[in-house]
Amino acid sequence: MAAVQETIEQVRRIDVEQYKYGFVTDVESDKAPKGLSEDIVRFISQKKNEPEWMLEWRLEAYRRWLTMREPDWARVNYPKIDYQDLYYYAAPKKKKELASLDEVDPEILKTYEKLGIPLREQELLAGVVRPEGERRIAVDAVFDSVSVATTFQKELKDAGVIFMPISEALREYPELVRKYLGSVVPASDNYFATLNSAVFSDGSFVYVPEGVRCPMELSTYFRINEKNTGQFERTLIIADKGAYVSYLEGCTAPQRDENQLHAAVVELVAMDDAEIKYSTVQNWYPGNAEGVGGIYNFVTKRGDCRGDNSKISWTQVETGSAITWKYPSCILRGDNSSGEFYSIAISNGHQQVDSGTKMIHLGKNTSSRIVSKGISAGRSQNTYRGLVSAHRKAKGARNFTACDSLLIGDQCGAHTVPYMEAKNPTAVFEHEATTSKISEDVLFYCVQRGLSQEEAVGLVVNGFVKDVLQQLPMEFAVEAQKLISISLEGSVG
Amino acid sequence: MNAPVAALKTEAEQGLATAFAAAAPGLPGGAAVAAARAAAFDAFAQAGLPHRRLEAWKYTDLRRLMRDAKPLAPPPEAAAKAEAATAGAVIAGLGFRRLVVVDGVFAPDLSDLADLEPGLAIASLADQLAADAPLLPAAFADVLPAAEPAVTLNGALVRGGVVLTVAPGAVVARPLHLAFITTGTAPVAVYSRSLLTLGAGAKLSLIETHEGPEGVDYQVSAVLGLDVGDGASLDHVKITREGSAALHVASLIASVGAAATLTTCGFTLGGAVVRNQAFVRLKGAGTNATLSGVSLLAGRQHADATLMLTHAAPGSTSREVFKAVVDGAARAAFQGKIAVEQAAQQTDARMMARALLLSEEAEAYSKPELEIFADDVQCGHGATTGTLDDQLKFYLMARGIPAKEAEALLIQAFVGEVIDGIAQEGLREALTAATVAWLEARDA
């Protein structure tokens, strides 16, 4: 079949050129010595000027981590990680505390400009009167281990919203952080989360007080720049009663031949009637055509619908990373709470994706919805792994799951591993999954109407992921759409 | 995480070691078989009983569910055989050729061996093992996952079973009924293994029934190997009606050749803990496999249907439908995996798992899994869990049908989808009657 052969040929041609974020920024940095020990944990804590209890918390996590084994149940293969051969802390060197964005190393600013994140412009514009209704986004930029800039801080503060690097929050609002940190993902949760608890360096902290609708989208941009560095960021978002916040997250890294480790933890807490929308466009460096290099992305993301009528929604577009191991989950504790998970996972080259979600129904009349779209091309492996469970007391729990996979080329794999556990007769769970390739009939139909083969495939893929793209905030949807075409460039156009 | 669990042996594991040591000298088999048995037991002992940390046994943790190991049942004496005379009564009178396996041993004297159709041969596994036949024929080597614990343990302790051979092209018109029965009032362990080789183009219907004494906590391990040749057609039904305190672990191993047809249906009613696992490998191109199952559970029953279906060649079609009706504090688990290897292009596979929960304490677990390495495929699975639809019930009640009856009708319809797929009319009727009886017992 000519069309199929063509697609395979094109997948083969894919190379690193298409990863346009693969540049390295030349900034001097301040690194902790290589390796991991109690001293490194103390070093990080000291660098961040943390309160004593935080150091204890980290040390306890570190000691716990030493007794744990790396999990091996996911469908991913990678050479053993030498945790002593990594830098656990790297920060762009700076002279003193920054007073404003003007003092940020111009090299870093340039990096973000290249990435299309206008930190500087936004701040310059901040004082200017803006047309009514124009959407703005507050950005927190994390460079290696530290947060370099957070925009719109003042405006957010006026609204009562706290949005700052977590290291700063630990100094300014220690009690608030202490109350929630580790309450969704305990320090002992799993191997990578425990490691993160011990050595996390920065991340975002968001607190939206009772009844406040966050006036703008919040966004964090993560960038791993240093060689051999692990990035361990920690994000904590709390929406108090009746609050609403939408948070976006993007990530990129330079091209390197070694694998870099990214082990983040994200905790969301939604109180009564609160809603959190968390969107991710993950585009870490995926490695080259031979599967050399790339980021190991081992992330623990979990949301706790703690209050009644609360809602947490995860949307993710996963196109990067050599290995993705990520299961954004919802604990539906409050009555009538609801959780959503929308995911597009695209793997190409030698990428391996093992991603999915957990919806744990505990409260009464809780509902959840899972829509997962996996596209595998090249020699990649793409797995959906998800759990839906209803506790004995979770009367009226409702779940709908749809996970569809599309295979492009005959060297890739698509797998589905859903778990459904119902301990309550009133729980209604529905799950459906399909796997197929793009039908020749559909392609023929499009081509017959004057589209080129590539355009036709592009059209079908876009239709395939439409359900999820619609869930993304507008700014991200545009970026995500571009990303999808870049990721599959050569295989679908 | 597959953390190695401490070498501490459970009471059941220690009991199995004792049982093996005591029984080994008396088990059938020549020197080679004895060595294979010892090796199998060593392999089993090393890993121990399967537990929840093994993904395939996640929902049926035998370390917890199997409290102790019973002594191996002795070869059946006259009393046992007398008790076994009624084996398989649930489908008696349908004119099937009944072959009785008493306490794990094939009993030709109780079996109907008259007028065998040409091409059909029936032998005893114990006799074959005595002549040093392998514990598991080579055809099944690539069907089983490595170190499968239940089959490994069965290999060490198996006492007997039936070996069936159907010559190429032979069409056996009269269905074969393998009636397995455990006898006596003492709790014993029974290990049986039966093998079928269906030659190219041959045709056979095979029905298994499993039963035993009520209230006795006996343990059954049954292995059935089905080697279905190219173009052959096999129709298989397994009815599990063990006593209410029994532990039943059954493994079906099937190797299916090109353009062959395999239909298998499991119907589970009795037993305290029942695990039905099937390993099916569609080796030839253009095969057609239909696998289905029904579990009717009440009280504190635990039933697990685990299926591992591999499409290894192009152009095969498979359909799976598994249903569970769960009442009382019973638990139903379904794990189904469809694997499509890279060579298996043009695979068309569909799987459906549905659980109906009838009471507050009922639990259902399902894990329908797809593992796909070929791109030109159509694969799908669906799974649902829920209780009876109130609107449907209301519809029936509005037409004057009492609530209980309406429920029964709906449950019958739910199960009926699977029963309707069975070829023999008599068998369909018997299973429908069994369902009705179950529903009546539920109401009582």
# chains A, B, ... in the order shown; residues from 1 in each chain; ligands from 1
>>> closest_atom_pairs(of="chain B", to="chain A", cutoff="9 Å", atoms="only C-alpha atoms", output="JSON lines")
{"residue": "B:Met1", "atom": "CA", "partner": "A:Pro71", "partner_atom": "CA", "distance": 5.0}
{"residue": "B:Asn2", "atom": "CA", "partner": "A:Asp72", "partner_atom": "CA", "distance": 7.4}
{"residue": "B:Ala3", "atom": "CA", "partner": "A:Arg69", "partner_atom": "CA", "distance": 7.9}
{"residue": "B:Glu55", "atom": "CA", "partner": "A:Trp73", "partner_atom": "CA", "distance": 8.8}
{"residue": "B:Arg331", "atom": "CA", "partner": "A:Lys423", "partner_atom": "CA", "distance": 8.9}
{"residue": "B:Ala333", "atom": "CA", "partner": "A:Glu421", "partner_atom": "CA", "distance": 8.8}
{"residue": "B:Gln335", "atom": "CA", "partner": "A:Tyr419", "partner_atom": "CA", "distance": 8.9}
{"residue": "B:Lys337", "atom": "CA", "partner": "A:Val417", "partner_atom": "CA", "distance": 8.6}
{"residue": "B:Ala339", "atom": "CA", "partner": "A:His415", "partner_atom": "CA", "distance": 8.8}
{"residue": "B:Gln342", "atom": "CA", "partner": "A:Asp410", "partner_atom": "CA", "distance": 7.2}
{"residue": "B:Gln345", "atom": "CA", "partner": "A:Asp410", "partner_atom": "CA", "distance": 8.9}
{"residue": "B:Arg350", "atom": "CA", "partner": "A:Thr434", "partner_atom": "CA", "distance": 8.9}
{"residue": "B:Met352", "atom": "CA", "partner": "A:Glu432", "partner_atom": "CA", "distance": 8.9}
{"residue": "B:Leu356", "atom": "CA", "partner": "A:Pro425", "partner_atom": "CA", "distance": 7.8}
{"residue": "B:Leu357", "atom": "CA", "partner": "A:Pro425", "partner_atom": "CA", "distance": 4.8}
{"residue": "B:Leu358", "atom": "CA", "partner": "A:Pro425", "partner_atom": "CA", "distance": 6.3}
{"residue": "B:Ser359", "atom": "CA", "partner": "A:Pro425", "partner_atom": "CA", "distance": 6.1}
{"residue": "B:Glu360", "atom": "CA", "partner": "A:Pro425", "partner_atom": "CA", "distance": 5.8}
{"residue": "B:Glu361", "atom": "CA", "partner": "A:Asn424", "partner_atom": "CA", "distance": 6.7}
{"residue": "B:Ala362", "atom": "CA", "partner": "A:Lys423", "partner_atom": "CA", "distance": 6.3}
{"residue": "B:Glu363", "atom": "CA", "partner": "A:Lys423", "partner_atom": "CA", "distance": 4.4}
{"residue": "B:Ala364", "atom": "CA", "partner": "A:Ala422", "partner_atom": "CA", "distance": 5.1}
{"residue": "B:Tyr365", "atom": "CA", "partner": "A:Glu421", "partner_atom": "CA", "distance": 4.3}
{"residue": "B:Ser366", "atom": "CA", "partner": "A:Met420", "partner_atom": "CA", "distance": 5.0}
{"residue": "B:Lys367", "atom": "CA", "partner": "A:Tyr419", "partner_atom": "CA", "distance": 4.5}
{"residue": "B:Pro368", "atom": "CA", "partner": "A:Pro418", "partner_atom": "CA", "distance": 6.2}
{"residue": "B:Glu369", "atom": "CA", "partner": "A:Val417", "partner_atom": "CA", "distance": 4.7}
{"residue": "B:Leu370", "atom": "CA", "partner": "A:Thr416", "partner_atom": "CA", "distance": 4.8}
{"residue": "B:Glu371", "atom": "CA", "partner": "A:His415", "partner_atom": "CA", "distance": 4.3}
{"residue": "B:Ile372", "atom": "CA", "partner": "A:Ala414", "partner_atom": "CA", "distance": 5.2}
{"residue": "B:Phe373", "atom": "CA", "partner": "A:Gly413", "partner_atom": "CA", "distance": 4.3}
{"residue": "B:Ala374", "atom": "CA", "partner": "A:Asp410", "partner_atom": "CA", "distance": 5.5}
{"residue": "B:Asp375", "atom": "CA", "partner": "A:Asp410", "partner_atom": "CA", "distance": 5.1}
{"residue": "B:Asp376", "atom": "CA", "partner": "A:Lys437", "partner_atom": "CA", "distance": 5.8}
{"residue": "B:Val377", "atom": "CA", "partner": "A:Ser436", "partner_atom": "CA", "distance": 5.3}
{"residue": "B:Gln378", "atom": "CA", "partner": "A:Ser436", "partner_atom": "CA", "distance": 4.9}
{"residue": "B:Cys379", "atom": "CA", "partner": "A:Thr435", "partner_atom": "CA", "distance": 5.0}
{"residue": "B:Gly380", "atom": "CA", "partner": "A:Thr434", "partner_atom": "CA", "distance": 4.0}
{"residue": "B:His381", "atom": "CA", "partner": "A:Ala433", "partner_atom": "CA", "distance": 5.2}
{"residue": "B:Gly382", "atom": "CA", "partner": "A:Glu432", "partner_atom": "CA", "distance": 4.2}
{"residue": "B:Ala383", "atom": "CA", "partner": "A:His431", "partner_atom": "CA", "distance": 4.9}
{"residue": "B:Thr384", "atom": "CA", "partner": "A:Glu430", "partner_atom": "CA", "distance": 4.4}
{"residue": "B:Thr385", "atom": "CA", "partner": "A:Phe429", "partner_atom": "CA", "distance": 4.9}
{"residue": "B:Gly386", "atom": "CA", "partner": "A:Val428", "partner_atom": "CA", "distance": 4.4}
{"residue": "B:Thr387", "atom": "CA", "partner": "A:Pro425", "partner_atom": "CA", "distance": 5.4}
{"residue": "B:Leu388", "atom": "CA", "partner": "A:Pro425", "partner_atom": "CA", "distance": 8.9}
>>> write_last_selection(atoms="C-alpha atoms", output="compact mmCIF listing (two decimals), in the first residue's frame")
# COMPACT_ATOMS: atom_id res chain seq x y z
CA MET B 1 6.39 -2.99 42.37
CA ASN B 2 7.32 -6.64 42.35
CA ALA B 3 9.15 -6.53 45.63
CA GLU B 55 -0.25 -8.49 38.32
CA ARG B 331 -16.70 -10.47 44.60
CA ALA B 333 -13.02 -10.07 39.08
CA GLN B 335 -8.98 -9.54 33.82
CA LYS B 337 -5.89 -9.08 27.92
CA ALA B 339 -2.32 -8.99 22.85
CA GLN B 342 3.43 -7.41 15.20
CA GLN B 345 -2.02 -7.54 11.02
CA ARG B 350 -13.55 -7.08 20.57
CA MET B 352 -16.81 -6.75 26.54
CA LEU B 356 -24.16 -6.39 37.59
CA LEU B 357 -24.09 -5.57 41.31
CA LEU B 358 -27.21 -6.60 43.20
CA SER B 359 -26.39 -5.77 46.80
CA GLU B 360 -24.72 -3.20 49.00
CA GLU B 361 -21.73 -5.37 49.70
CA ALA B 362 -21.15 -6.81 46.25
CA GLU B 363 -17.88 -5.91 44.56
CA ALA B 364 -16.73 -6.06 40.98
CA TYR B 365 -13.29 -5.51 39.54
CA SER B 366 -12.53 -5.41 35.87
CA LYS B 367 -9.37 -4.89 33.95
CA PRO B 368 -9.83 -5.21 30.20
CA GLU B 369 -6.44 -4.73 28.62
CA LEU B 370 -5.18 -4.19 25.09
CA GLU B 371 -1.56 -4.68 24.07
CA ILE B 372 -1.06 -3.91 20.42
CA PHE B 373 2.07 -4.07 18.30
CA ALA B 374 0.49 -4.15 14.86
CA ASP B 375 -0.99 -1.10 13.19
CA ASP B 376 -3.53 -2.50 10.77
CA VAL B 377 -5.97 -3.70 13.40
CA GLN B 378 -9.43 -3.06 14.72
CA CYS B 379 -9.43 -3.63 18.44
CA GLY B 380 -11.78 -2.46 21.08
CA HIS B 381 -12.95 -3.23 24.53
CA GLY B 382 -15.76 -2.06 26.68
CA ALA B 383 -16.50 -2.55 30.35
CA THR B 384 -19.40 -1.55 32.50
CA THR B 385 -20.30 -1.90 36.14
CA GLY B 386 -23.62 -1.01 37.61
CA THR B 387 -26.81 -2.18 39.17
CA LEU B 388 -30.15 -3.04 37.57
>>> select_by_dssp(residues="stretch 206-262 of chain A", states="strand (DSSP E)", output="compact mmCIF listing (two decimals) with C-alpha atoms, in the first residue's frame")
# COMPACT_ATOMS: atom_id res chain seq x y z
CA VAL A 206 -0.99 29.24 44.38
CA TYR A 207 -3.58 30.07 46.98
CA VAL A 208 -6.94 31.43 45.87
CA GLU A 217 -4.79 32.48 33.89
CA LEU A 218 -1.74 31.43 35.87
CA SER A 219 1.11 29.82 34.07
CA THR A 220 4.46 28.26 34.82
CA TYR A 221 7.13 27.58 32.30
CA PHE A 222 9.72 25.00 33.17
CA ARG A 223 13.08 24.84 31.50
CA ARG A 234 6.85 21.04 43.36
CA THR A 235 3.60 22.77 42.67
CA LEU A 236 0.92 23.32 45.25
CA ILE A 237 -2.39 24.88 44.32
CA ILE A 238 -5.17 25.52 46.80
CA ALA A 239 -8.58 26.79 45.82
CA TYR A 244 -11.70 29.22 40.77
CA VAL A 245 -8.31 29.06 39.17
CA SER A 246 -6.98 27.95 35.83
CA TYR A 247 -3.33 27.02 35.71
CA LEU A 248 -1.17 26.25 32.71
CA GLU A 249 2.15 24.51 32.62
CA GLY A 250 4.67 24.20 29.82
CA CYS A 251 8.06 22.59 29.67
CA THR A 252 11.07 22.36 27.35
CA ASN A 259 19.09 11.54 29.67
CA GLN A 260 17.93 14.06 32.17
CA LEU A 261 15.63 13.37 35.04
CA HIS A 262 12.50 15.33 35.78
>>> residues_around(residues="B:Thr86", least_positions_apart="5", cutoff="12 Å", atoms="only C-alpha atoms", output="list in words")
Ala80, Lys81, Ile91, Ala92, Gly93, Arg98, Leu99, Val100, Val101, Val102, Leu110, Ser111, Ala179, Phe180, Ile181, Thr182, Thr183, Thr209, Glu211 and Gly212 of chain B
>>> residues_around(residues="stretch 403-419 of chain B", least_positions_apart="5", cutoff="10 Å", atoms="only C-alpha atoms", output="CSV table (one decimal) with C-alpha atoms, in the first residue's frame")
chain,number,residue,atom,x,y,z
B,265,CYS,CA,-17.8,-20.5,27.4
B,266,GLY,CA,-17.4,-20.7,31.2
B,267,PHE,CA,-20.4,-20.9,33.5
B,291,LEU,CA,-14.6,-16.6,24.5
B,292,SER,CA,-17.3,-15.9,26.9
B,293,GLY,CA,-18.2,-16.4,30.5
B,294,VAL,CA,-20.9,-16.0,33.1
B,295,SER,CA,-20.5,-15.9,36.9
B,296,LEU,CA,-23.5,-16.0,39.2
B,320,GLU,CA,-15.1,-12.0,24.2
B,321,VAL,CA,-18.1,-11.4,26.3
B,322,PHE,CA,-17.8,-11.8,30.1
B,323,LYS,CA,-20.7,-11.2,32.5
B,324,ALA,CA,-20.9,-11.3,36.2
B,325,VAL,CA,-24.0,-11.1,38.5
B,354,ARG,CA,-20.0,-6.3,32.3
B,355,ALA,CA,-20.8,-6.7,36.0
B,356,LEU,CA,-24.2,-6.4,37.6
B,358,LEU,CA,-27.2,-6.6,43.2
B,388,LEU,CA,-30.2,-3.0,37.6
B,389,ASP,CA,-31.7,-0.2,35.6
B,390,ASP,CA,-34.6,1.2,37.6
B,392,LEU,CA,-36.4,-1.1,33.0
B,393,LYS,CA,-37.6,-2.5,36.3
B,394,PHE,CA,-40.3,0.2,36.5
B,395,TYR,CA,-41.4,-0.6,32.9
B,396,LEU,CA,-42.0,-4.2,33.8
B,397,MET,CA,-43.7,-3.5,37.1
B,398,ALA,CA,-46.0,-1.0,35.4
B,425,GLU,CA,-29.9,-26.3,22.4
B,427,LEU,CA,-27.1,-27.1,27.0
B,428,ARG,CA,-28.7,-23.7,26.6
B,429,GLU,CA,-31.8,-25.0,28.3
B,430,ALA,CA,-29.9,-26.6,31.1
B,431,LEU,CA,-27.9,-23.4,31.7
B,432,THR,CA,-31.1,-21.3,31.6
B,435,THR,CA,-29.9,-19.5,36.1
B,436,VAL,CA,-33.5,-19.7,37.1
B,438,TRP,CA,-30.0,-19.6,41.1
B,439,LEU,CA,-32.5,-16.7,41.0
B,440,GLU,CA,-35.0,-18.7,42.9
B,442,ARG,CA,-31.7,-15.8,45.8
B,443,ASP,CA,-35.3,-14.9,46.5
>>> select_by_dssp(residues="stretch 24-273 of chain B", states="helix (DSSP H, G or I)", output="MDAnalysis selection string")
chainID B and resid 24:26 31:47 55:57 62:65 78:86 89:91 108:110 125:130 138:140 149:157
>>> residues_around(residues="A:Val299", least_positions_apart="2", cutoff="9 Å", atoms="only C-alpha atoms", output="compact mmCIF listing (two decimals) with C-alpha atoms, in the first residue's frame")
# COMPACT_ATOMS: atom_id res chain seq x y z
CA PHE A 192 9.82 9.50 42.63
CA ALA A 193 7.50 11.58 44.80
CA HIS A 262 12.50 15.33 35.78
CA ALA A 263 10.57 14.19 38.83
CA ALA A 264 7.91 16.69 39.76
CA VAL A 265 5.07 16.59 42.23
CA VAL A 266 1.88 18.58 41.76
CA ASN A 297 9.64 12.47 32.98
CA LYS A 301 0.17 14.73 39.97
CA THR A 324 6.75 9.68 30.40
CA TRP A 325 5.44 8.13 33.60
CA LYS A 326 2.57 10.23 34.72
CA TYR A 327 -0.89 9.69 36.14
CA PRO A 328 -2.70 12.91 37.07
>>> residues_around(residues="B:Gly271", least_positions_apart="3", cutoff="7 Å", atoms="only C-alpha atoms", output="ChimeraX atom specification")
/B:241-248,274,301
>>> write_last_selection(atoms="C-alpha atoms", output="CSV table (one decimal), in the first residue's frame")
chain,number,residue,atom,x,y,z
B,241,ARG,CA,-20.7,-26.1,40.3
B,242,GLU,CA,-18.3,-26.9,43.1
B,243,GLY,CA,-19.5,-27.1,46.7
B,244,SER,CA,-20.0,-23.9,48.5
B,245,ALA,CA,-16.8,-24.2,50.5
B,246,ALA,CA,-14.5,-25.3,47.7
B,247,LEU,CA,-11.5,-23.7,46.2
B,248,HIS,CA,-11.3,-24.2,42.4
B,274,VAL,CA,-13.0,-19.9,41.8
B,301,GLN,CA,-18.1,-16.2,46.9
>>> atom_distance(atom1="atom CA of B:Ala434", atom2="atom CA of B:Phe96")
18.2 Å
>>> atom_distance(atom1="atom CA of B:Ala87", atom2="atom CA of B:Leu176")
13.8 Å
>>> atom_distance(atom1="atom CA of B:Glu208", atom2="atom CA of B:Thr310")
23.6 Å
>>> residues_around(residues="B:Val162", least_positions_apart="2", cutoff="10 Å", atoms="only C-alpha atoms", output="list in words")
Leu99, Val100, Val101, Gly104, Val105, Phe106, Ala107, Pro108, Ile122, Ala123, Ser124, Leu125, Ala126, Asp127, Gln128, Gly160, Leu164, Thr165, Leu178, Ser192, Arg193, Ser194, Leu195, Leu196 and Leu224 of chain B
>>> write_last_selection(atoms="N, CA and C atoms", output="PDB file, in the first residue's frame")
ATOM      1  N   LEU B  99     -17.505 -38.908  30.187  1.00  0.00           N
ATOM      2  CA  LEU B  99     -16.243 -39.461  30.657  1.00  0.00           C
ATOM      3  C   LEU B  99     -16.044 -38.925  32.063  1.00  0.00           C
ATOM      4  N   VAL B 100     -15.929 -39.831  33.047  1.00  0.00           N
ATOM      5  CA  VAL B 100     -15.907 -39.378  34.441  1.00  0.00           C
ATOM      6  C   VAL B 100     -14.489 -39.361  34.996  1.00  0.00           C
ATOM      7  N   VAL B 101     -14.159 -38.262  35.647  1.00  0.00           N
ATOM      8  CA  VAL B 101     -12.871 -38.153  36.338  1.00  0.00           C
ATOM      9  C   VAL B 101     -13.181 -38.009  37.824  1.00  0.00           C
ATOM     10  N   GLY B 104      -9.743 -36.685  40.472  1.00  0.00           N
ATOM     11  CA  GLY B 104      -8.565 -36.439  39.631  1.00  0.00           C
ATOM     12  C   GLY B 104      -8.108 -37.642  38.823  1.00  0.00           C
ATOM     13  N   VAL B 105      -8.847 -38.758  38.893  1.00  0.00           N
ATOM     14  CA  VAL B 105      -8.424 -39.953  38.165  1.00  0.00           C
ATOM     15  C   VAL B 105      -9.519 -40.350  37.164  1.00  0.00           C
ATOM     16  N   PHE B 106      -9.123 -40.617  35.932  1.00  0.00           N
ATOM     17  CA  PHE B 106     -10.075 -41.032  34.901  1.00  0.00           C
ATOM     18  C   PHE B 106     -10.624 -42.410  35.255  1.00  0.00           C
ATOM     19  N   ALA B 107     -11.940 -42.536  35.287  1.00  0.00           N
ATOM     20  CA  ALA B 107     -12.577 -43.803  35.642  1.00  0.00           C
ATOM     21  C   ALA B 107     -13.270 -44.394  34.417  1.00  0.00           C
ATOM     22  N   PRO B 108     -12.582 -45.245  33.637  1.00  0.00           N
ATOM     23  CA  PRO B 108     -13.182 -45.797  32.412  1.00  0.00           C
ATOM     24  C   PRO B 108     -14.440 -46.605  32.724  1.00  0.00           C
ATOM     25  N   ILE B 122      -9.575 -42.239  23.273  1.00  0.00           N
ATOM     26  CA  ILE B 122      -9.655 -41.764  24.651  1.00  0.00           C
ATOM     27  C   ILE B 122      -8.683 -42.565  25.493  1.00  0.00           C
ATOM     28  N   ALA B 123      -7.814 -41.872  26.213  1.00  0.00           N
ATOM     29  CA  ALA B 123      -6.834 -42.563  27.036  1.00  0.00           C
ATOM     30  C   ALA B 123      -6.761 -41.887  28.396  1.00  0.00           C
ATOM     31  N   SER B 124      -6.026 -42.534  29.289  1.00  0.00           N
ATOM     32  CA  SER B 124      -5.870 -41.976  30.637  1.00  0.00           C
ATOM     33  C   SER B 124      -4.513 -41.290  30.729  1.00  0.00           C
ATOM     34  N   LEU B 125      -4.497 -40.095  31.324  1.00  0.00           N
ATOM     35  CA  LEU B 125      -3.233 -39.365  31.440  1.00  0.00           C
ATOM     36  C   LEU B 125      -2.257 -40.134  32.324  1.00  0.00           C
ATOM     37  N   ALA B 126      -2.794 -40.747  33.398  1.00  0.00           N
ATOM     38  CA  ALA B 126      -1.927 -41.486  34.315  1.00  0.00           C
ATOM     39  C   ALA B 126      -1.149 -42.561  33.562  1.00  0.00           C
ATOM     40  N   ASP B 127      -1.843 -43.276  32.654  1.00  0.00           N
ATOM     41  CA  ASP B 127      -1.165 -44.320  31.867  1.00  0.00           C
ATOM     42  C   ASP B 127      -0.071 -43.710  31.009  1.00  0.00           C
ATOM     43  N   GLN B 128      -0.379 -42.583  30.390  1.00  0.00           N
ATOM     44  CA  GLN B 128       0.597 -41.950  29.507  1.00  0.00           C
ATOM     45  C   GLN B 128       1.806 -41.448  30.284  1.00  0.00           C
ATOM     46  N   GLY B 160      -4.075 -37.434  37.481  1.00  0.00           N
ATOM     47  CA  GLY B 160      -4.548 -38.049  36.244  1.00  0.00           C
ATOM     48  C   GLY B 160      -5.461 -37.128  35.471  1.00  0.00           C
ATOM     49  N   LEU B 164      -7.533 -36.965  25.067  1.00  0.00           N
ATOM     50  CA  LEU B 164      -8.417 -37.155  23.922  1.00  0.00           C
ATOM     51  C   LEU B 164      -7.671 -36.844  22.644  1.00  0.00           C
ATOM     52  N   THR B 165      -7.856 -37.674  21.652  1.00  0.00           N
ATOM     53  CA  THR B 165      -7.254 -37.399  20.357  1.00  0.00           C
ATOM     54  C   THR B 165      -8.324 -37.566  19.281  1.00  0.00           C
ATOM     55  N   LEU B 178     -16.929 -34.214  29.857  1.00  0.00           N
ATOM     56  CA  LEU B 178     -15.947 -34.562  30.873  1.00  0.00           C
ATOM     57  C   LEU B 178     -16.553 -34.186  32.222  1.00  0.00           C
ATOM     58  N   SER B 192      -5.999 -32.447  38.565  1.00  0.00           N
ATOM     59  CA  SER B 192      -6.210 -33.210  37.331  1.00  0.00           C
ATOM     60  C   SER B 192      -5.730 -32.415  36.138  1.00  0.00           C
ATOM     61  N   ARG B 193      -5.463 -33.122  35.065  1.00  0.00           N
ATOM     62  CA  ARG B 193      -5.022 -32.468  33.837  1.00  0.00           C
ATOM     63  C   ARG B 193      -5.551 -33.269  32.652  1.00  0.00           C
ATOM     64  N   SER B 194      -6.218 -32.604  31.745  1.00  0.00           N
ATOM     65  CA  SER B 194      -6.753 -33.299  30.578  1.00  0.00           C
ATOM     66  C   SER B 194      -6.247 -32.617  29.326  1.00  0.00           C
ATOM     67  N   LEU B 195      -6.049 -33.408  28.305  1.00  0.00           N
ATOM     68  CA  LEU B 195      -5.465 -32.871  27.083  1.00  0.00           C
ATOM     69  C   LEU B 195      -6.289 -33.299  25.878  1.00  0.00           C
ATOM     70  N   LEU B 196      -6.425 -32.388  24.937  1.00  0.00           N
ATOM     71  CA  LEU B 196      -7.135 -32.722  23.713  1.00  0.00           C
ATOM     72  C   LEU B 196      -6.281 -32.326  22.521  1.00  0.00           C
ATOM     73  N   LEU B 224      -6.654 -27.848  31.501  1.00  0.00           N
ATOM     74  CA  LEU B 224      -7.158 -28.425  30.262  1.00  0.00           C
ATOM     75  C   LEU B 224      -6.348 -27.854  29.107  1.00  0.00           C
TER      76      LEU B 224
END
>>> closest_residue(among="A:Pro186, A:Val468, A:Met359, A:Pro174", to="A:Gln316", atoms="only C-alpha atoms")
A:Val468
>>> decode(residues="stretch 297-315 of chain A", atoms="C-alpha atoms", output="CSV table (one decimal), in the first residue's frame")
chain,number,residue,atom,x,y,z
A,297,ASN,CA,9.6,12.5,33.0
A,298,PHE,CA,8.5,10.8,36.2
A,299,VAL,CA,5.7,12.9,37.6
A,300,THR,CA,3.2,12.5,40.4
A,301,LYS,CA,0.2,14.7,40.0
A,302,ARG,CA,-2.8,14.4,42.2
A,303,GLY,CA,-5.8,16.6,43.0
A,304,ASP,CA,-7.9,16.3,46.1
A,305,CYS,CA,-11.6,17.4,45.7
A,306,ARG,CA,-11.7,17.9,49.5
A,307,GLY,CA,-14.9,19.9,49.6
A,308,ASP,CA,-18.4,19.2,48.5
A,309,ASN,CA,-19.3,20.2,44.9
A,310,SER,CA,-15.7,20.8,44.1
A,311,LYS,CA,-14.2,20.1,40.7
A,312,ILE,CA,-10.7,19.4,39.4
A,313,SER,CA,-10.0,19.1,35.7
A,314,TRP,CA,-6.7,17.9,34.2
A,315,THR,CA,-5.9,18.5,30.6
